[in-house]
Each structure stands twice: as C-alpha cells, then as structure tokens.
>>> print(open('start31.txt').read())   # compact mmCIF, C-alpha atoms
# COMPACT_ATOMS: atom_id res chain seq x y z
CA MET A 1 -23.72 -20.97 -40.92
CA ASP A 2 -26.12 -19.37 -38.44
CA VAL A 3 -26.17 -20.56 -34.86
CA GLU A 4 -29.89 -21.39 -34.83
CA SER A 5 -29.60 -23.72 -37.84
CA GLU A 6 -26.59 -25.45 -36.32
CA ARG A 7 -28.43 -25.99 -33.02
CA ALA A 8 -31.42 -27.42 -34.87
CA TRP A 9 -29.17 -29.73 -36.87
CA VAL A 10 -27.33 -30.89 -33.75
CA ALA A 11 -30.66 -31.57 -32.01
CA GLY A 12 -31.84 -33.54 -35.04
CA LEU A 13 -28.60 -35.51 -35.21
CA ARG A 14 -28.90 -36.36 -31.52
CA ARG A 15 -32.32 -37.82 -32.30
CA GLY A 16 -30.82 -39.76 -35.22
CA GLU A 17 -32.81 -37.90 -37.86
CA ALA A 18 -31.70 -38.51 -41.45
CA THR A 19 -33.05 -35.11 -42.53
CA ALA A 20 -30.73 -33.36 -40.07
CA PHE A 21 -27.82 -35.39 -41.39
CA ASP A 22 -28.74 -34.46 -44.97
CA ALA A 23 -28.79 -30.77 -44.09
CA VAL A 24 -25.34 -30.99 -42.52
CA TYR A 25 -24.07 -33.14 -45.37
CA GLY A 26 -25.29 -30.64 -47.97
CA ALA A 27 -23.81 -27.68 -46.15
CA TYR A 28 -20.42 -29.13 -45.30
CA ARG A 29 -19.67 -31.72 -48.01
CA PRO A 30 -18.15 -29.34 -50.61
CA ARG A 31 -16.25 -27.40 -47.97
CA LEU A 32 -14.76 -30.49 -46.36
CA TYR A 33 -13.98 -32.01 -49.74
CA GLY A 34 -12.11 -28.89 -50.85
CA TYR A 35 -10.18 -28.82 -47.58
CA LEU A 36 -9.34 -32.54 -47.74
CA ALA A 37 -8.32 -32.46 -51.40
CA ARG A 38 -6.04 -29.47 -50.86
CA MET A 39 -4.51 -30.99 -47.73
CA THR A 40 -3.88 -34.41 -49.30
CA GLY A 41 -3.25 -33.25 -52.88
CA ARG A 42 -5.45 -36.10 -54.14
CA ARG A 43 -9.13 -36.07 -54.98
CA ASP A 44 -9.59 -39.86 -54.67
CA LEU A 45 -8.06 -39.87 -51.21
CA ALA A 46 -10.12 -36.82 -50.28
CA GLU A 47 -13.28 -38.77 -51.17
CA ASP A 48 -12.26 -41.61 -48.85
CA LEU A 49 -11.49 -39.22 -46.01
CA LEU A 50 -14.72 -37.32 -46.65
CA GLN A 51 -16.61 -40.59 -46.26
CA GLU A 52 -14.67 -41.35 -43.07
CA THR A 53 -15.57 -37.95 -41.67
CA PHE A 54 -19.30 -38.23 -42.34
CA LEU A 55 -19.44 -41.83 -41.14
CA ARG A 56 -17.87 -40.66 -37.91
CA LEU A 57 -20.55 -37.97 -37.66
CA ALA A 58 -23.28 -40.58 -38.17
CA GLN A 59 -21.71 -42.89 -35.58
CA ARG A 60 -21.31 -40.13 -33.00
CA ALA A 61 -24.49 -38.20 -33.79
CA ARG A 62 -26.34 -39.27 -30.65
CA ASP A 63 -23.38 -38.40 -28.44
CA LEU A 64 -23.01 -34.81 -29.68
CA ARG A 65 -23.42 -32.13 -27.05
CA ASP A 66 -26.20 -29.57 -27.47
CA ASP A 67 -23.66 -26.79 -27.95
CA THR A 68 -21.48 -28.64 -30.47
CA ARG A 69 -20.22 -26.35 -33.21
CA LEU A 70 -20.49 -28.61 -36.23
CA GLY A 71 -17.98 -26.76 -38.40
CA ALA A 72 -15.21 -27.05 -35.84
CA TRP A 73 -16.22 -30.64 -35.02
CA LEU A 74 -16.23 -31.79 -38.65
CA PHE A 75 -13.00 -30.03 -39.61
CA THR A 76 -11.28 -31.48 -36.54
CA VAL A 77 -12.36 -35.00 -37.53
CA ALA A 78 -11.30 -34.36 -41.13
CA ARG A 79 -7.93 -33.02 -40.02
CA ASN A 80 -7.35 -36.06 -37.80
CA ALA A 81 -8.21 -38.29 -40.76
CA VAL A 82 -5.63 -36.47 -42.90
CA ILE A 83 -2.97 -36.92 -40.21
CA SER A 84 -3.74 -40.62 -39.68
CA ASN A 85 -3.60 -41.20 -43.40
CA ALA A 86 -0.33 -39.27 -43.75
CA ARG A 87 1.26 -41.39 -41.03
CA ALA A 88 0.14 -44.63 -42.68
CA THR A 89 1.25 -43.37 -46.10
CA ARG A 90 4.70 -42.41 -44.80
CA VAL A 91 5.24 -45.91 -43.48
CA LYS A 92 4.08 -47.46 -46.76
CA ALA A 93 6.14 -45.00 -48.83
CA ALA A 94 9.27 -45.70 -46.83
CA LEU A 95 8.75 -49.42 -47.34
CA ALA A 96 7.97 -49.00 -51.05
CA SER A 97 11.01 -46.81 -51.71
CA GLU A 98 13.19 -49.28 -49.90
CA LEU A 99 11.84 -52.09 -52.02
CA ALA A 100 11.70 -50.29 -55.37
CA GLY A 101 14.10 -47.39 -54.93
CA ALA A 102 11.60 -45.23 -56.81
CA ALA A 103 11.01 -41.54 -56.20
CA GLU A 104 7.42 -40.26 -55.87
CA PRO A 105 6.19 -38.45 -58.97
CA ALA A 106 5.43 -34.76 -58.58
CA ALA A 107 1.67 -34.37 -58.14
CA ALA A 108 -0.38 -31.67 -59.86
CA THR A 109 -2.76 -29.72 -57.64
CA PRO A 110 -6.05 -31.58 -57.16
CA PHE A 111 -8.25 -28.98 -58.84
CA GLU A 112 -5.91 -27.72 -61.55
CA ALA A 113 -7.82 -29.53 -64.27
CA LEU A 114 -11.03 -27.81 -63.12
CA SER A 115 -9.51 -24.34 -63.07
CA GLU A 116 -11.20 -22.00 -65.50
CA SER A 117 -8.56 -19.28 -65.59
CA ARG A 118 -4.84 -18.74 -65.17
CA THR A 119 -5.65 -16.87 -61.96
CA GLN A 120 -7.24 -19.97 -60.48
CA VAL A 121 -4.35 -22.17 -61.61
CA ALA A 122 -1.85 -19.75 -60.06
CA MET A 123 -3.78 -19.60 -56.80
CA GLU A 124 -4.22 -23.39 -56.62
CA ARG A 125 -0.49 -23.86 -57.23
CA ALA A 126 0.51 -21.20 -54.72
CA VAL A 127 -1.69 -22.69 -52.00
CA ALA A 128 -0.48 -26.22 -52.81
CA SER A 129 3.13 -25.06 -52.53
CA LEU A 130 2.73 -24.07 -48.87
CA PRO A 131 3.87 -26.55 -46.21
CA PRO A 132 0.81 -28.38 -44.77
CA THR A 133 1.08 -26.63 -41.39
CA TYR A 134 0.64 -23.24 -43.04
CA ARG A 135 -1.70 -24.43 -45.77
CA GLU A 136 -4.25 -25.72 -43.27
CA VAL A 137 -4.48 -22.51 -41.28
CA LEU A 138 -4.77 -20.51 -44.49
CA LEU A 139 -7.57 -22.76 -45.79
CA LEU A 140 -9.47 -22.66 -42.51
CA VAL A 141 -9.29 -18.89 -42.18
CA ALA A 142 -9.41 -17.69 -45.79
CA VAL A 143 -11.70 -20.28 -47.35
CA GLU A 144 -13.73 -21.52 -44.38
CA ASN A 145 -14.03 -18.04 -42.93
CA MET A 146 -12.99 -19.15 -39.45
CA THR A 147 -11.37 -16.72 -37.05
CA PRO A 148 -7.77 -17.59 -36.13
CA ALA A 149 -9.10 -18.66 -32.72
CA GLU A 150 -11.57 -21.10 -34.32
CA ALA A 151 -8.85 -22.42 -36.63
CA ALA A 152 -6.62 -22.86 -33.58
CA GLU A 153 -9.31 -24.98 -31.95
CA VAL A 154 -9.51 -27.24 -35.00
CA ILE A 155 -5.73 -27.55 -35.24
CA GLY A 156 -5.27 -27.97 -31.50
CA ILE A 157 -2.94 -25.03 -30.92
CA ARG A 158 -3.20 -21.70 -29.09
CA ALA A 159 -4.90 -18.80 -30.82
CA ASP A 160 -1.76 -16.66 -30.91
CA ALA A 161 0.16 -19.54 -32.47
CA ALA A 162 -2.52 -19.80 -35.15
CA ARG A 163 -2.22 -16.06 -35.81
CA GLN A 164 1.52 -16.39 -36.22
CA ARG A 165 1.10 -19.33 -38.57
CA LEU A 166 -1.44 -17.39 -40.57
CA SER A 167 0.89 -14.44 -40.80
CA ARG A 168 3.71 -16.66 -42.08
CA ALA A 169 1.36 -18.49 -44.45
CA ARG A 170 0.30 -15.13 -45.82
CA ALA A 171 3.93 -14.10 -46.41
CA MET A 172 4.73 -17.43 -48.09
CA LEU A 173 1.68 -17.12 -50.29
CA GLU A 174 2.66 -13.63 -51.37
CA THR A 175 6.09 -14.95 -52.34
CA ALA A 176 4.55 -17.90 -54.18
CA LEU A 177 2.17 -15.61 -56.03
CA GLY A 178 4.92 -13.12 -56.79
CA ALA A 179 5.58 -14.70 -60.16
CA SER A 180 1.96 -14.30 -61.18
CA ALA A 181 1.37 -10.62 -61.93
CA GLU A 182 -2.27 -11.33 -62.78
CA VAL A 183 -3.07 -12.68 -59.32
CA SER A 184 -0.78 -10.29 -57.48
CA SER A 185 -2.49 -7.29 -59.03
CA ARG A 186 -5.85 -8.45 -57.63
CA PHE A 187 -4.82 -8.02 -54.04
CA ALA A 188 -2.26 -5.24 -54.43
CA MET B 1 2.12 -7.02 -29.63
CA SER B 2 4.26 -7.99 -32.56
CA ASP B 3 3.49 -6.84 -36.09
CA ASP B 4 3.82 -10.48 -37.06
CA ARG B 5 0.31 -11.17 -35.74
CA THR B 6 -2.94 -11.14 -37.62
CA THR B 7 -5.88 -10.38 -35.39
CA PRO B 8 -9.41 -11.61 -36.15
CA SER B 9 -10.48 -8.11 -37.11
CA ASP B 10 -7.63 -7.91 -39.62
CA VAL B 11 -8.72 -11.15 -41.26
CA SER B 12 -12.16 -10.08 -42.46
CA GLY B 13 -10.77 -7.20 -44.49
CA ASP B 14 -7.59 -8.90 -45.68
CA ALA B 15 -7.37 -8.56 -49.45
CA LEU B 16 -4.96 -11.45 -49.89
CA LEU B 17 -7.10 -13.83 -47.86
CA GLY B 18 -10.11 -12.64 -49.82
CA ALA B 19 -8.23 -13.35 -53.04
CA VAL B 20 -7.51 -16.90 -51.82
CA ALA B 21 -11.19 -17.55 -51.12
CA ALA B 22 -12.21 -16.10 -54.47
CA GLY B 23 -9.34 -17.60 -56.44
CA LEU B 24 -9.65 -21.25 -55.50
CA VAL B 25 -11.81 -23.62 -57.50
CA GLY B 26 -15.12 -24.53 -55.85
CA ALA B 27 -15.36 -28.29 -56.09
CA ASP B 28 -17.53 -31.12 -54.89
CA VAL B 29 -17.59 -34.89 -55.20
CA ASP B 30 -19.58 -36.32 -58.10
CA ALA B 31 -23.23 -37.21 -57.57
CA VAL B 32 -22.63 -40.97 -57.42
CA THR B 33 -19.95 -40.62 -54.73
CA ALA B 34 -22.07 -38.13 -52.80
CA GLN B 35 -25.01 -40.54 -52.84
CA ARG B 36 -22.83 -43.51 -51.82
CA ILE B 37 -21.43 -41.67 -48.80
CA ARG B 38 -24.89 -40.42 -47.83
CA ALA B 39 -26.37 -43.92 -48.03
CA ARG B 40 -23.61 -45.40 -45.88
CA ALA B 41 -23.97 -42.63 -43.32
CA HIS B 42 -27.74 -43.12 -43.19
CA ALA B 43 -27.17 -46.82 -42.51
CA GLU B 44 -24.79 -45.91 -39.67
CA LEU B 45 -27.28 -43.42 -38.30
CA ALA B 46 -30.04 -46.04 -38.25
CA ALA B 47 -27.83 -48.78 -36.81
CA PRO B 48 -28.34 -49.76 -33.17
CA ARG B 49 -26.00 -47.92 -30.86
CA ARG B 50 -22.74 -49.64 -30.08
CA LEU B 51 -21.53 -49.26 -26.53
CA SER B 52 -18.46 -47.05 -26.74
CA LEU B 53 -15.89 -46.71 -23.97
CA ALA B 54 -16.62 -42.98 -23.77
CA ALA B 55 -20.34 -43.62 -23.32
CA LEU B 56 -19.63 -46.26 -20.69
CA LEU B 57 -17.30 -43.92 -18.81
CA ARG B 58 -19.90 -41.18 -18.85
CA VAL B 59 -22.18 -43.46 -16.83
CA VAL B 60 -19.59 -45.18 -14.66
CA GLU B 61 -17.44 -42.17 -13.77
CA PRO B 62 -20.03 -40.18 -11.76
CA ALA B 63 -21.04 -43.35 -9.91
CA LEU B 64 -17.40 -44.07 -9.04
CA VAL B 65 -16.78 -40.51 -7.88
CA ALA B 66 -19.96 -40.53 -5.78
CA GLY B 67 -18.97 -43.91 -4.31
CA PHE B 68 -15.49 -42.72 -3.38
CA ALA B 69 -16.86 -39.50 -1.90
CA ALA B 70 -19.45 -41.38 0.16
CA SER B 71 -16.93 -43.89 1.49
CA TYR B 72 -14.48 -41.10 2.36
CA LEU B 73 -17.22 -39.20 4.17
CA ALA B 74 -18.24 -42.34 6.08
CA TRP B 75 -14.61 -42.93 7.04
CA ALA B 76 -14.21 -39.33 8.18
CA VAL B 77 -17.38 -39.42 10.27
CA GLN B 78 -16.37 -42.73 11.80
CA SER B 79 -12.91 -41.36 12.64
CA VAL B 80 -14.42 -38.32 14.35
CA LEU B 81 -16.81 -40.50 16.33
CA THR B 82 -13.97 -42.81 17.36
CA VAL B 83 -11.89 -39.90 18.65
CA TYR B 84 -14.68 -38.18 20.59
CA ARG B 85 -16.52 -41.27 21.80
>>> encode(input="start31.txt", output="structure tokens")
Amino acid sequence: MDVESERAWVAGLRRGEATAFDAVYGAYRPRLYGYLARMTGRRDLAEDLLQETFLRLAQRARDLRDDTRLGAWLFTVARNAVISNARATRVKAALASELAGAAEPAAATPFEALSESRTQVAMERAVASLPPTYREVLLLVAVENMTPAEAAEVIGIRADAARQRLSRARAMLETALGASAEVSSRFA
Amino acid sequence: MSDDRTTPSDVSGDALLGAVAAGLVGADVDAVTAQRIRARAHAELAAPRRLSLAALLRVVEPALVAGFAASYLAWAVQSVLTVYR
C-alpha cells in the first residue's frame, strides 16, 4: 500500500467520507479476514471479528491522526479483537467442560476446504499447527509483508523480540512442513 | 548479534516466508457478508459523533495543564514579591 494512498484515505476517513472507507475496506478486508480466520481457526468467528474491526474504524475515523498507518492500526484492532474473544471463549469453555465434561473436537484449518492443491493443504496445516504467538508474527511478516519492526508494533513487543519469534516460527514451520516433501522442495 | 535473529533485509528474500505467502489460500468473505459489514460501517460513519472519554481528555487535558502552570507561576511570582517586598 503506497503512502500517498494511505494518507488520502486517512484524510477522507477523518472527513467521514464513505468512499474513503470503501477504498480501505476493499484493500484490507481479504487480508484481515485471512489473518483473523487463521488466528481463530474459524471462518464464522473471523467474519464477526472482521465486522468488529471495521465498525471500530468507522467509529474512530474522525479521530485518526494524519499520520496513521492504516495497516498497523487495523491489524492491531483485529489482534485485540482476537485476544478479547479468546479470553471470553476460555471462560465459556471452562464452564462448558465443567458442566458437560466434553472435550473440544479437533478443528480443521479454516481454508482447507478451499485449498486447490496438496501444497496448499500442507501449508495451511503447518501454519495452523504453530502456537498463536508464533503464527501471528509469521502471518504478519510473510503474508502481510510487514517488517519485523512493524509486526512488533502491531503485537506490542520490541522489534528484536519479534525477530526472535519470527526465527522460532520459521524453525517450527520447517519442522511442520518436514513431512511434506512437495512443499519442502519448493523452498529448499 | 545472534544467528537466531532475522533482520528485515533477510525477510524480503526468505524463500520459506515466500513459500508461506504463496502457499496459503487467498480467501475473502462472501459478497452478502461483505455488503452487510459495509452497510453497518457506513451507518456508523454517518452517525453523529459520540463524546468519547479520549476526545474529552484531548480538550480538557491541555486546559488543565495550562491552568496548573498558570497558578504555579502566579504562586511563584507572589512568593518572590513577598520575600523582596
């Protein structure tokens, strides 16, 4: 996303322009949805959190600063929504398991059904297998093309900590992909 | 610097990270959901502004700081005048 477009969008949002919102929505909706679905493991929940994120943008549009970097802003809001939801879900799950004594079923990856090749299935599974802390930094850097410093800003950690997490995420991913010769051969 | 670090310049040429970006499914919400979220957001955007605590503080805080500074300055001047009068 080029800086000039972002500045124009932010200026439009500050004026409450629907066209500016639509431009941001079009540019960031698929990216945020992919991030949210892979962080929550559920597409229905990702839709709810996506809505929460964009409603927050609409509510705060006039309060944005001129130099707001929308990508970092939106992914920070989305990440906070994931965390809030996870906290609420943990409380509910603890209560439900106490009441029913039932274990949670193992969830398939959110986009496995949409995968067109075994390579995609293997990659989706490998990414989904990473602990959330490592998965998020990997998604922000590899998929969203953020630098580790930008990812650190979204996550709320220091840049060197983000680099270390990324390094570990990378190692875990290599291990997870180890079983899939097809995928491994693509980056060997 | 430890070898366990990945610097920003490493990231752009990292084959594994590139494989992740290329290997994951590109997905989006369906058109109906996308339109529903957009419509709700437009309604929020057009809604009259609600007074948030942050917005209120942005106005009140400088006034409070200026007030405290002015009263401190007045006190200091008065103290000096009292001593040297």
>>> atom_distance(input="start31.txt", atom1="atom CA of Asp48 of chain A", atom2="atom CA of Val127 of chain A")
21.9 Å
>>> interface_residues(input="start31.txt", of="chain A", to="chain B", cutoff="8 Å", atoms="all atoms listed in the file", output="NGL selection string")
:A and (16-18 or 21-22 or 25 or 29-31 or 33-34 or 47 or 51 or 54-55 or 58-59 or 61 or 63 or 111 or 114-115 or 119-120 or 123-124 or 138 or 141-143 or 147-149 or 160 or 163-164 or 166-168 or 170 or 186-188)
>>> atom_distance(input="start31.txt", atom1="atom CA of Leu50 of chain A", atom2="atom CA of Ala8 of chain A")
22.7 Å
>>> closest_residue(input="start31.txt", among="A:Met39, A:Ala122, A:Leu74, A:Ile157", to="Glu136 of chain A", atoms="all atoms listed in the file")
A:Met39
>>> atom_distance(input="start31.txt", atom1="atom CA of Ser129 of chain A", atom2="atom CA of Arg158 of chain A")
24.5 Å
>>> axis_aligned_box(input="start31.txt", around="segment 81-87 of chain A", padding_each_side="5 Å", output="JSON")
{"center_x": -3.5, "center_y": -38.9, "center_z": -41.7, "size_x": 19.5, "size_y": 14.9, "size_z": 14.1}
